[in-house]
>>> print(open('upload34.cif').read())   # mmCIF, C-alpha atoms
data_entry
#
loop_
_atom_site.label_atom_id
_atom_site.label_comp_id
_atom_site.auth_asym_id
_atom_site.auth_seq_id
_atom_site.Cartn_x
_atom_site.Cartn_y
_atom_site.Cartn_z
CA MET A 1 0.00 0.00 0.00
CA THR A 2 1.22 3.49 -0.86
CA TYR A 3 0.82 6.10 1.85
CA LYS A 4 0.80 9.78 0.97
CA GLU A 5 3.25 11.62 3.18
CA PRO A 6 1.66 14.16 5.52
CA SER A 7 2.67 17.80 5.29
CA PHE A 8 4.02 17.76 8.87
CA THR A 9 3.24 21.45 9.22
CA VAL A 10 3.38 22.75 12.80
CA GLY A 11 1.24 25.14 14.80
CA VAL A 12 1.79 25.99 18.47
CA GLU A 13 -0.62 27.47 21.00
CA GLU A 14 0.63 28.89 24.31
CA GLU A 15 -1.39 30.15 27.28
CA TYR A 16 0.06 32.80 29.59
CA LEU A 17 -0.95 34.17 32.99
CA LEU A 18 -1.07 37.95 33.44
CA VAL A 19 0.43 39.27 36.68
CA ASP A 20 0.29 42.70 38.27
CA ARG A 21 3.82 44.14 38.27
CA GLU A 22 3.43 45.62 41.77
CA THR A 23 1.73 42.79 43.69
CA ARG A 24 3.02 39.90 41.52
CA ASP A 25 -0.46 38.39 41.96
CA LEU A 26 -2.70 37.69 38.99
CA VAL A 27 -4.65 40.57 37.54
CA THR A 28 -8.33 40.44 38.49
CA ASP A 29 -9.40 41.36 34.98
CA MET A 30 -7.49 41.44 31.74
CA PRO A 31 -7.23 45.09 30.65
CA GLU A 32 -10.24 45.85 28.46
CA SER A 33 -8.35 46.67 25.27
CA MET A 34 -5.62 44.04 25.71
CA ILE A 35 -6.74 41.64 22.96
CA GLU A 36 -7.41 44.45 20.49
CA ASP A 37 -4.06 46.09 21.29
CA CYS A 38 -2.24 42.77 20.80
CA GLU A 39 -3.94 42.16 17.46
CA HIS A 40 -2.98 45.66 16.34
CA ALA A 41 0.63 45.12 17.42
CA MET A 42 0.78 41.72 15.68
CA GLU A 43 -0.95 43.08 12.59
CA ALA A 44 -3.03 39.89 12.57
CA ARG A 45 -6.43 38.82 13.81
CA GLY A 46 -7.23 35.52 15.44
CA GLN A 47 -3.74 34.82 16.80
CA VAL A 48 -4.45 36.10 20.31
CA SER A 49 -7.56 35.42 22.38
CA PRO A 50 -8.89 35.38 25.94
CA GLU A 51 -8.98 32.10 27.81
CA PHE A 52 -11.35 30.58 30.38
CA LEU A 53 -10.13 32.82 33.21
CA ARG A 54 -9.78 36.58 32.89
CA ALA A 55 -6.16 36.47 33.99
CA GLN A 56 -5.23 34.25 31.03
CA ILE A 57 -4.34 35.04 27.45
CA GLU A 58 -3.70 32.60 24.60
CA VAL A 59 -1.59 32.99 21.47
CA GLY A 60 -1.42 30.73 18.46
CA THR A 61 1.08 30.68 15.61
CA LYS A 62 -0.01 30.55 12.00
CA VAL A 63 0.51 27.24 10.18
CA CYS A 64 4.30 26.91 9.99
CA SER A 65 6.23 24.93 7.39
CA SER A 66 9.38 24.66 9.54
CA ILE A 67 10.52 24.76 13.15
CA ALA A 68 12.52 27.91 12.35
CA GLU A 69 9.22 29.55 11.42
CA VAL A 70 7.69 28.35 14.70
CA ARG A 71 10.51 30.05 16.62
CA GLU A 72 10.00 33.29 14.69
CA GLU A 73 6.24 33.23 15.27
CA LEU A 74 6.45 32.47 19.00
CA GLY A 75 9.09 35.15 19.49
CA ARG A 76 7.01 37.73 17.65
CA MET A 77 3.85 36.91 19.62
CA ARG A 78 5.54 36.84 23.02
CA ASP A 79 7.20 40.15 22.26
CA CYS A 80 3.86 41.73 21.34
CA VAL A 81 2.06 40.44 24.44
CA ILE A 82 4.90 41.58 26.70
CA LYS A 83 4.97 45.10 25.25
CA VAL A 84 1.19 45.52 25.35
CA ALA A 85 1.00 44.14 28.90
CA GLU A 86 3.69 46.60 30.04
CA ARG A 87 1.55 49.50 28.86
CA HIS A 88 -1.23 48.19 31.12
CA GLY A 89 1.02 47.70 34.19
CA CYS A 90 1.13 43.92 33.97
CA ALA A 91 3.32 41.15 32.57
CA PRO A 92 2.77 37.69 31.10
CA ILE A 93 4.38 34.63 32.66
CA ALA A 94 4.77 31.46 30.63
CA ALA A 95 4.15 28.94 33.39
CA SER A 96 1.38 26.41 33.92
CA THR A 97 0.52 27.59 37.43
CA HIS A 98 1.06 30.82 39.37
CA PRO A 99 3.22 30.40 42.50
CA PHE A 100 0.64 31.73 44.97
CA ALA A 101 -2.61 32.89 43.29
CA ARG A 102 -5.84 31.34 44.61
CA TRP A 103 -8.36 29.89 42.18
CA LEU A 104 -11.27 31.04 44.34
CA ASP A 105 -10.29 34.65 43.64
CA GLN A 106 -10.49 34.25 39.86
CA ARG A 107 -13.36 35.06 37.49
CA HIS A 108 -14.06 33.38 34.20
CA THR A 109 -14.33 35.20 30.88
CA ASP A 110 -17.85 36.30 29.95
CA LYS A 111 -18.31 34.18 26.84
CA GLU A 112 -21.00 31.61 26.00
CA ARG A 113 -18.50 28.77 25.58
CA TYR A 114 -16.99 29.47 28.99
CA ASP A 115 -20.38 30.08 30.63
CA SER A 116 -21.44 26.65 29.38
CA LEU A 117 -18.28 25.01 30.71
CA GLY A 118 -18.80 26.64 34.10
CA ARG A 119 -22.41 25.43 34.31
CA GLU A 120 -21.53 21.88 33.30
CA LEU A 121 -18.27 21.32 35.17
CA GLN A 122 -18.86 23.53 38.22
CA ALA A 123 -15.89 23.68 40.63
CA THR A 124 -13.72 21.45 38.42
CA ALA A 125 -13.86 24.21 35.80
CA ARG A 126 -13.46 27.07 38.29
CA ARG A 127 -10.23 25.45 39.52
CA LEU A 128 -8.67 25.62 36.05
CA LEU A 129 -6.06 28.18 37.01
CA ILE A 130 -3.63 26.37 34.70
CA CYS A 131 -1.99 26.98 31.34
CA GLY A 132 -0.70 24.61 28.69
CA MET A 133 1.13 24.34 25.40
CA HIS A 134 -0.52 22.61 22.44
CA VAL A 135 1.31 21.47 19.31
CA HIS A 136 -0.61 20.78 16.09
CA VAL A 137 1.09 18.66 13.42
CA GLY A 138 -0.43 18.49 9.94
CA ILE A 139 -1.48 14.91 9.12
CA GLU A 140 -4.12 15.20 6.45
CA ASP A 141 -5.14 11.56 6.01
CA GLU A 142 -7.65 10.58 8.70
CA GLU A 143 -6.63 6.90 8.91
CA THR A 144 -2.98 7.88 9.31
CA ARG A 145 -3.91 10.43 11.95
CA ILE A 146 -5.82 7.96 14.13
CA ASP A 147 -3.20 5.23 13.69
CA LEU A 148 -0.30 7.47 14.68
CA MET A 149 -2.20 8.81 17.69
CA SER A 150 -2.29 5.45 19.47
CA GLN A 151 1.41 4.82 18.82
CA PHE A 152 2.47 8.36 19.74
CA ALA A 153 0.88 8.01 23.19
CA TYR A 154 4.00 6.13 24.31
CA PHE A 155 6.06 9.32 24.02
CA LEU A 156 3.73 11.71 25.82
CA PRO A 157 5.44 11.32 29.24
CA HIS A 158 8.80 12.06 27.59
CA LEU A 159 7.47 15.37 26.25
CA LEU A 160 5.83 16.26 29.56
CA ALA A 161 9.05 15.57 31.48
CA LEU A 162 10.90 18.18 29.39
CA SER A 163 8.20 20.85 29.79
CA CYS A 164 7.28 20.89 33.50
CA SER A 165 6.51 24.37 34.84
CA SER A 166 3.90 23.94 37.59
CA PRO A 167 5.51 22.96 40.91
CA PHE A 168 3.51 25.47 43.01
CA TRP A 169 -0.19 25.66 43.81
CA GLU A 170 -1.71 28.39 45.97
CA GLY A 171 1.55 29.14 47.73
CA GLU A 172 2.58 25.53 48.32
CA ASN A 173 5.54 23.70 46.89
CA THR A 174 3.55 20.62 45.89
CA GLY A 175 6.52 18.28 45.44
CA LEU A 176 5.35 17.66 41.87
CA LYS A 177 7.04 19.17 38.84
CA SER A 178 3.72 19.28 36.92
CA PHE A 179 0.88 19.87 39.36
CA ARG A 180 -1.18 21.24 36.46
CA LEU A 181 -2.30 17.80 35.31
CA THR A 182 -3.70 16.90 38.73
CA VAL A 183 -6.08 19.84 38.26
CA PHE A 184 -6.89 19.11 34.62
CA ASP A 185 -7.46 15.40 35.25
CA ALA A 186 -10.50 16.22 37.38
CA LEU A 187 -12.31 17.00 34.12
CA PRO A 188 -13.97 14.24 32.10
CA ARG A 189 -12.44 12.98 28.84
CA THR A 190 -8.85 13.79 29.82
CA GLY A 191 -5.65 11.75 30.15
CA MET A 192 -4.22 9.22 27.73
CA PRO A 193 -6.21 8.77 24.51
CA GLU A 194 -8.29 5.75 23.69
CA THR A 195 -7.03 3.35 21.01
CA PHE A 196 -9.09 3.00 17.83
CA ALA A 197 -8.70 0.57 14.94
CA SER A 198 -9.87 3.10 12.37
CA TRP A 199 -11.07 6.65 11.84
CA ALA A 200 -14.61 5.32 11.42
CA GLU A 201 -14.45 3.69 14.85
CA TYR A 202 -13.30 6.96 16.41
CA GLU A 203 -16.13 8.85 14.69
CA ARG A 204 -18.69 6.31 15.91
CA HIS A 205 -17.62 6.90 19.51
CA ILE A 206 -17.85 10.67 19.09
CA GLU A 207 -21.30 10.31 17.52
CA VAL A 208 -22.57 8.27 20.48
CA MET A 209 -21.54 11.05 22.86
CA VAL A 210 -22.98 13.79 20.64
CA GLU A 211 -26.29 11.99 20.12
CA ALA A 212 -26.57 11.34 23.86
CA GLY A 213 -26.18 15.07 24.48
CA LEU A 214 -22.92 14.64 26.42
CA ILE A 215 -20.82 16.86 24.15
CA GLU A 216 -21.49 19.15 21.20
CA ASP A 217 -18.50 17.94 19.17
CA GLY A 218 -14.95 16.65 19.34
CA THR A 219 -13.62 19.90 20.82
CA LYS A 220 -14.86 18.64 24.19
CA ILE A 221 -12.45 15.69 24.04
CA TRP A 222 -9.45 16.84 26.08
CA TRP A 223 -7.04 13.90 25.85
CA ASP A 224 -3.27 14.42 26.07
CA VAL A 225 -3.23 13.96 22.31
CA ARG A 226 -6.30 14.10 20.08
CA PRO A 227 -7.34 14.54 16.46
CA SER A 228 -8.17 18.21 16.21
CA ALA A 229 -11.87 18.81 15.61
CA ARG A 230 -11.07 22.01 13.67
CA TYR A 231 -7.96 21.24 11.63
CA PRO A 232 -6.45 18.21 9.82
CA THR A 233 -3.89 17.86 12.60
CA LEU A 234 -2.91 15.70 15.53
CA GLU A 235 -2.88 17.97 18.58
CA THR A 236 -0.57 17.21 21.48
CA ARG A 237 -1.82 18.75 24.74
CA VAL A 238 0.09 17.00 27.54
CA MET A 239 2.84 19.61 27.92
CA ASP A 240 3.11 22.37 30.48
CA VAL A 241 3.76 25.77 28.89
CA CYS A 242 7.52 26.35 28.69
CA THR A 243 8.87 29.48 30.34
CA ARG A 244 11.84 29.73 27.97
CA ILE A 245 11.00 29.97 24.29
CA ASP A 246 13.96 27.74 23.30
CA ASP A 247 12.45 24.91 25.35
CA ALA A 248 9.05 25.35 23.67
CA VAL A 249 10.64 25.22 20.21
CA CYS A 250 12.63 22.11 21.20
CA ILE A 251 9.50 20.28 22.31
CA ALA A 252 7.61 21.25 19.15
CA ALA A 253 10.54 19.91 17.11
CA ILE A 254 10.67 16.59 18.96
CA ASN A 255 6.89 16.31 18.61
CA VAL A 256 6.86 16.61 14.82
CA CYS A 257 9.95 14.43 14.42
CA LEU A 258 8.40 11.62 16.46
CA LEU A 259 5.31 11.67 14.28
CA ARG A 260 7.41 11.62 11.13
CA MET A 261 9.36 8.64 12.52
CA LEU A 262 6.11 6.77 13.23
CA PHE A 263 4.91 7.53 9.71
CA ARG A 264 8.15 6.05 8.32
CA LEU A 265 7.37 2.87 10.22
CA ARG A 266 3.82 2.84 8.89
CA ARG A 267 5.05 3.29 5.33
CA SER A 268 7.28 0.22 5.84
CA ASN A 269 4.34 -1.78 7.22
CA GLN A 270 5.80 -1.57 10.72
CA ARG A 271 4.56 0.17 13.84
CA TRP A 272 5.59 1.18 17.35
CA ARG A 273 4.39 -1.32 19.89
CA THR A 274 1.27 -0.21 21.77
CA TYR A 275 1.11 -0.74 25.52
CA ALA A 276 -1.67 -0.95 28.05
CA ARG A 277 -2.99 2.38 29.23
CA MET A 278 -2.09 1.52 32.85
CA LEU A 279 1.60 1.32 31.88
CA LEU A 280 1.53 4.57 29.93
CA MET A 281 -0.23 6.27 32.84
CA GLU A 282 2.53 5.10 35.20
CA ASN A 283 5.14 6.91 33.11
CA ARG A 284 2.84 9.91 32.87
CA TRP A 285 2.69 10.01 36.68
CA ARG A 286 6.48 9.75 36.96
CA ALA A 287 6.86 12.71 34.58
CA MET A 288 4.32 14.73 36.62
CA ARG A 289 6.01 13.87 39.90
CA TYR A 290 9.71 13.99 39.00
CA SER A 291 10.03 15.51 35.52
CA PHE A 292 13.19 13.70 34.40
CA ASP A 293 14.86 13.40 37.82
CA GLU A 294 14.00 9.75 38.49
CA GLY A 295 13.77 8.43 34.94
CA LEU A 296 10.92 6.76 33.08
CA VAL A 297 10.08 3.11 32.60
CA ASP A 298 11.38 1.63 29.36
CA LEU A 299 8.33 -0.51 28.71
CA GLY A 300 10.19 -2.73 26.26
CA ARG A 301 12.80 -3.59 28.90
CA GLY A 302 10.46 -3.39 31.85
CA ALA A 303 12.91 -1.26 33.86
CA ILE A 304 13.32 2.35 34.97
CA VAL A 305 15.94 4.02 32.79
CA PRO A 306 17.74 7.29 33.63
CA HIS A 307 16.32 10.10 31.51
CA ALA A 308 19.68 10.93 29.90
CA GLU A 309 19.77 7.41 28.50
CA ASN A 310 16.12 7.63 27.44
CA LEU A 311 16.73 10.96 25.75
CA GLY A 312 19.83 9.74 23.94
CA GLU A 313 17.88 6.82 22.48
CA LEU A 314 14.98 9.07 21.51
CA ILE A 315 17.22 11.57 19.72
CA GLU A 316 18.92 8.78 17.77
CA LEU A 317 15.51 7.39 16.88
CA ILE A 318 14.43 10.67 15.25
CA ARG A 319 17.80 11.91 13.96
CA GLU A 320 16.89 11.13 10.34
CA ASP A 321 13.63 13.02 10.78
CA ALA A 322 15.26 16.03 12.44
CA GLU A 323 17.71 16.26 9.55
CA ALA A 324 14.92 15.97 6.98
CA LEU A 325 12.88 18.68 8.73
CA GLY A 326 15.87 20.94 9.33
CA CYS A 327 15.59 21.00 13.14
CA THR A 328 18.50 18.94 14.46
CA ALA A 329 19.80 21.78 16.65
CA GLU A 330 16.33 22.39 18.11
CA VAL A 331 15.92 18.69 18.95
CA GLU A 332 19.35 18.50 20.56
CA HIS A 333 18.49 21.52 22.73
CA ALA A 334 16.82 18.87 24.94
CA TRP A 335 20.28 18.18 26.38
CA LYS A 336 20.35 21.81 27.55
CA ILE A 337 17.00 21.30 29.30
CA LEU A 338 18.49 18.34 31.16
CA GLU A 339 21.58 20.38 32.05
CA ARG A 340 19.84 23.45 33.50
CA GLY A 341 16.50 21.88 34.46
CA THR A 342 12.95 22.63 33.44
CA SER A 343 11.12 25.76 34.52
CA ALA A 344 9.81 23.77 37.49
CA HIS A 345 13.36 22.98 38.64
CA ARG A 346 14.38 26.63 38.35
CA GLN A 347 11.26 27.86 40.14
CA VAL A 348 11.88 25.58 43.11
CA ALA A 349 15.58 26.52 43.19
CA THR A 350 14.69 30.24 43.17
CA TYR A 351 12.21 29.72 46.00
CA GLU A 352 14.66 27.73 48.14
CA ARG A 353 17.48 30.24 47.58
CA ALA A 354 15.23 33.08 48.69
CA LEU A 355 14.19 31.20 51.84
CA ALA A 356 17.81 30.33 52.62
CA ALA A 357 18.68 34.04 52.30
CA GLY A 358 16.10 34.89 54.97
CA ALA A 359 13.06 35.79 52.86
CA ALA A 360 9.59 35.15 54.21
CA GLN A 361 7.54 32.59 52.30
CA LYS A 362 5.49 35.20 50.42
CA GLU A 363 8.66 37.08 49.49
CA ALA A 364 10.22 33.85 48.20
CA LEU A 365 7.13 33.16 46.09
CA MET A 366 7.25 36.70 44.70
CA ALA A 367 10.88 36.07 43.76
CA VAL A 368 9.67 33.09 41.73
CA VAL A 369 7.19 35.36 39.90
CA ASP A 370 10.00 37.82 39.12
CA MET A 371 12.09 34.96 37.73
CA LEU A 372 9.18 33.84 35.54
CA ILE A 373 8.61 37.35 34.22
CA GLU A 374 12.27 37.67 33.22
CA GLU A 375 12.58 34.19 31.68
CA THR A 376 9.39 34.65 29.67
CA ARG A 377 11.04 37.73 28.12
CA VAL A 378 14.25 35.92 27.09
#
>>> encode(input="upload34.cif", output="structure tokens")
Amino acid sequence: MTYKEPSFTVGVEEEYLLVDRETRDLVTDMPESMIEDCEHAMEARGQVSPEFLRAQIEVGTKVCSSIAEVREELGRMRDCVIKVAERHGCAPIAASTHPFARWLDQRHTDKERYDSLGRELQATARRLLICGMHVHVGIEDEETRIDLMSQFAYFLPHLLALSCSSPFWEGENTGLKSFRLTVFDALPRTGMPETFASWAEYERHIEVMVEAGLIEDGTKIWWDVRPSARYPTLETRVMDVCTRIDDAVCIAAINVCLLRMLFRLRRSNQRWRTYARMLLMENRWRAMRYSFDEGLVDLGRGAIVPHAENLGELIELIREDAEALGCTAEVEHAWKILERGTSAHRQVATYERALAAGAAQKEALMAVVDMLIEETRV
């Protein structure tokens, strides 16, 4: 059988939290003209939007044909949001949780979609004081898309481990590197994706839920990776938002290279072995808890493997794809993430240094916010 090669275009969405420069707490309301001002600065409509909570703002790149274009787009959009926010006395932080903000103090955006979510999900929705990074990869053929999704699930914990940026929740060092997913997992239809034998089987399951009145469409499926309901893409959603733009670009590059590698297997009538959801969820938990500090389980060997070894094998696995897509340097930036730590590692280190220097807890948490503001700007 001849398989048409996907375009492997890439689009990235990032969600930021807006903080008051004086208090370092979240703004109560996004400044009224913020979205309009950002659109004017970007000279583009539809690339910046409000999110569920009023202290959140989301940006999305255009469809990019290369990882270099992704970097350019993300840099341009971050720069615009930062400059507009400064004019309003606030600043964006690219982190999946705020170090000390309380979810009970937040208000959701006045929009029908968000009103509906609030009514349906109640406190589980009101607690969503979290941000994420989503990567869309263009895979036009529906059968290819659904086949690669089930195989790609194996690598989701590896991507999460490199992106962790949510160690704090309401002023507490949670001990987890990605506390965000413990909040998000309270929602229905989250976590690892289901496995489907065909696109038609996937559609049948969606139709059952729609006809039963449970969901309006596939946009209410919030798995860690899902077929986008709006675009011919596979959308990876497991990652925390990366504070440093280089880390975000690295993860987008690894994402698209992994999918290209899986397509190469498919074209050769081979495939990545699929594993039971319980085993994948165990690695997902280890990534949430430790990031890469304690390694992940190599399910083929049945043993925990140090993350440096895991990463080395992964990079070799996709080297051909990184070269073909022109993003070898961006993929190998993952070694830099291991060397200096994720945002979560740096947040905790900043907090502990401030405490050791005699700061009160609130002062130490504010120091973390200052670090996030500066790193988001880099």
>>> resolve_selection(input="upload34.cif", expression="the PyMOL selection byres ((chain A and resi 95) around 9)", output="ChimeraX atom specification")
/A:15-17,93-94,96-98,130-132,164-166,240-243,343-344,372,376
>>> residues_around(input="upload34.cif", residues="range 182-196 of chain A", least_positions_apart="5", cutoff="8 Å", atoms="only C-alpha atoms", output="MDAnalysis selection string")
chainID A and resid 121 124:125 127:128 130 146:147 149:150 153 201:202 220:226 277 280:281
>>> atom_distance(input="upload34.cif", atom1="CA of Gly138 in chain A", atom2="CA of Pro232 in chain A")
6.0 Å
>>> residues_around(input="upload34.cif", residues="Arg289 in chain A", least_positions_apart="2", cutoff="7 Å", atoms="only C-alpha atoms", output="ChimeraX atom specification")
/A:176-178,285-287,291
>>> atom_distance(input="upload34.cif", atom1="CA of Leu258 in chain A", atom2="CA of Thr342 in chain A")
20.7 Å
>>> atom_distance(input="upload34.cif", atom1="CA of Thr236 in chain A", atom2="CA of Ile67 in chain A")
15.8 Å
>>> residues_around(input="upload34.cif", residues="range 22-34 of chain A", least_positions_apart="6", cutoff="10 Å", atoms="all atoms listed in the file", output="MDAnalysis selection string")
chainID A and resid 40 48:50 53:57 81 84:85 87:93 98:102 105:109 365:370 373
>>> resolve_selection(input="upload34.cif", expression="the PyMOL selection byres ((chain A and resi 231) around 10)", output="VMD selection string")
chain A and resid 136 to 140 227 to 230 232 to 235
>>> resolve_selection(input="upload34.cif", expression="the PyMOL selection byres ((chain A and resi 262) around 8)", output="list in words")
Leu148, Gln151, Phe152, Leu258, Leu259, Arg260, Met261, Phe263, Arg264, Leu265, Arg266, Arg271 and Trp272 of chain A
>>> write_last_selection(input="upload34.cif", atoms="C-alpha atoms", output="short mmCIF file (atom, residue, chain, number, x, y, z; two decimals), keeping the file's coordinate frame")
data_model
loop_
_atom_site.label_atom_id
_atom_site.label_comp_id
_atom_site.auth_asym_id
_atom_site.auth_seq_id
_atom_site.Cartn_x
_atom_site.Cartn_y
_atom_site.Cartn_z
CA LEU A 148 -0.30 7.47 14.68
CA GLN A 151 1.41 4.82 18.82
CA PHE A 152 2.47 8.36 19.74
CA LEU A 258 8.40 11.62 16.46
CA LEU A 259 5.31 11.67 14.28
CA ARG A 260 7.41 11.62 11.13
CA MET A 261 9.36 8.64 12.52
CA PHE A 263 4.91 7.53 9.71
CA ARG A 264 8.15 6.05 8.32
CA LEU A 265 7.37 2.87 10.22
CA ARG A 266 3.82 2.84 8.89
CA ARG A 271 4.56 0.17 13.84
CA TRP A 272 5.59 1.18 17.35
#
>>> axis_aligned_box(input="upload34.cif", around="range 140-147 of chain A", padding_each_side="8 Å", output="AutoDock Vina command-line options")
--center_x -5.3 --center_y 10.2 --center_z 10.1 --size_x 20.7 --size_y 26.0 --size_z 24.1
>>> residues_around(input="upload34.cif", residues="Gln361 in chain A", least_positions_apart="5", cutoff="10 Å", atoms="all atoms listed in the file", output="PyMOL selection string")
chain A and resi 171-172+351-352+354-355+366-367
>>> residues_around(input="upload34.cif", residues="Ala324 in chain A", least_positions_apart="5", cutoff="10 Å", atoms="all atoms listed in the file", output="VMD selection string")
chain A and resid 257 260 318 to 319
>>> closest_residue(input="upload34.cif", among="A:Arg353, A:Lys362, A:Lys4, A:Arg244", to="Arg340 in chain A", atoms="only C-alpha atoms")
A:Arg244
>>> closest_residue(input="upload34.cif", among="A:Asp217, A:Glu39, A:Glu294, A:Glu323", to="Arg76 in chain A", atoms="all atoms listed in the file")
A:Glu39
>>> closest_residue(input="upload34.cif", among="A:Ser163, A:Leu156, A:Ala197, A:Phe168", to="Glu282 in chain A", atoms="all atoms listed in the file")
A:Leu156
>>> closest_residue(input="upload34.cif", among="A:Glu73, A:Glu203, A:Asp298, A:Asp141", to="Glu5 in chain A", atoms="all atoms listed in the file")
A:Asp141
>>> residues_near_point(input="upload34.cif", point="(12.5, 5.2, 29.9)", cutoff="10 Å", atoms="all atoms listed in the file", output="PyMOL selection string")
chain A and resi 155+157-158+283+292+294-311+313-314
>>> write_last_selection(input="upload34.cif", atoms="C-alpha atoms", output="compact mmCIF listing (two decimals), in the coordinates of the input")
# COMPACT_ATOMS: atom_id res chain seq x y z
CA PHE A 155 6.06 9.32 24.02
CA PRO A 157 5.44 11.32 29.24
CA HIS A 158 8.80 12.06 27.59
CA ASN A 283 5.14 6.91 33.11
CA PHE A 292 13.19 13.70 34.40
CA GLU A 294 14.00 9.75 38.49
CA GLY A 295 13.77 8.43 34.94
CA LEU A 296 10.92 6.76 33.08
CA VAL A 297 10.08 3.11 32.60
CA ASP A 298 11.38 1.63 29.36
CA LEU A 299 8.33 -0.51 28.71
CA GLY A 300 10.19 -2.73 26.26
CA ARG A 301 12.80 -3.59 28.90
CA GLY A 302 10.46 -3.39 31.85
CA ALA A 303 12.91 -1.26 33.86
CA ILE A 304 13.32 2.35 34.97
CA VAL A 305 15.94 4.02 32.79
CA PRO A 306 17.74 7.29 33.63
CA HIS A 307 16.32 10.10 31.51
CA ALA A 308 19.68 10.93 29.90
CA GLU A 309 19.77 7.41 28.50
CA ASN A 310 16.12 7.63 27.44
CA LEU A 311 16.73 10.96 25.75
CA GLU A 313 17.88 6.82 22.48
CA LEU A 314 14.98 9.07 21.51
>>> closest_residue(input="upload34.cif", among="A:Ile82, A:Ala360, A:Arg273, A:Met278", to="Leu18 in chain A", atoms="all atoms listed in the file")
A:Ile82
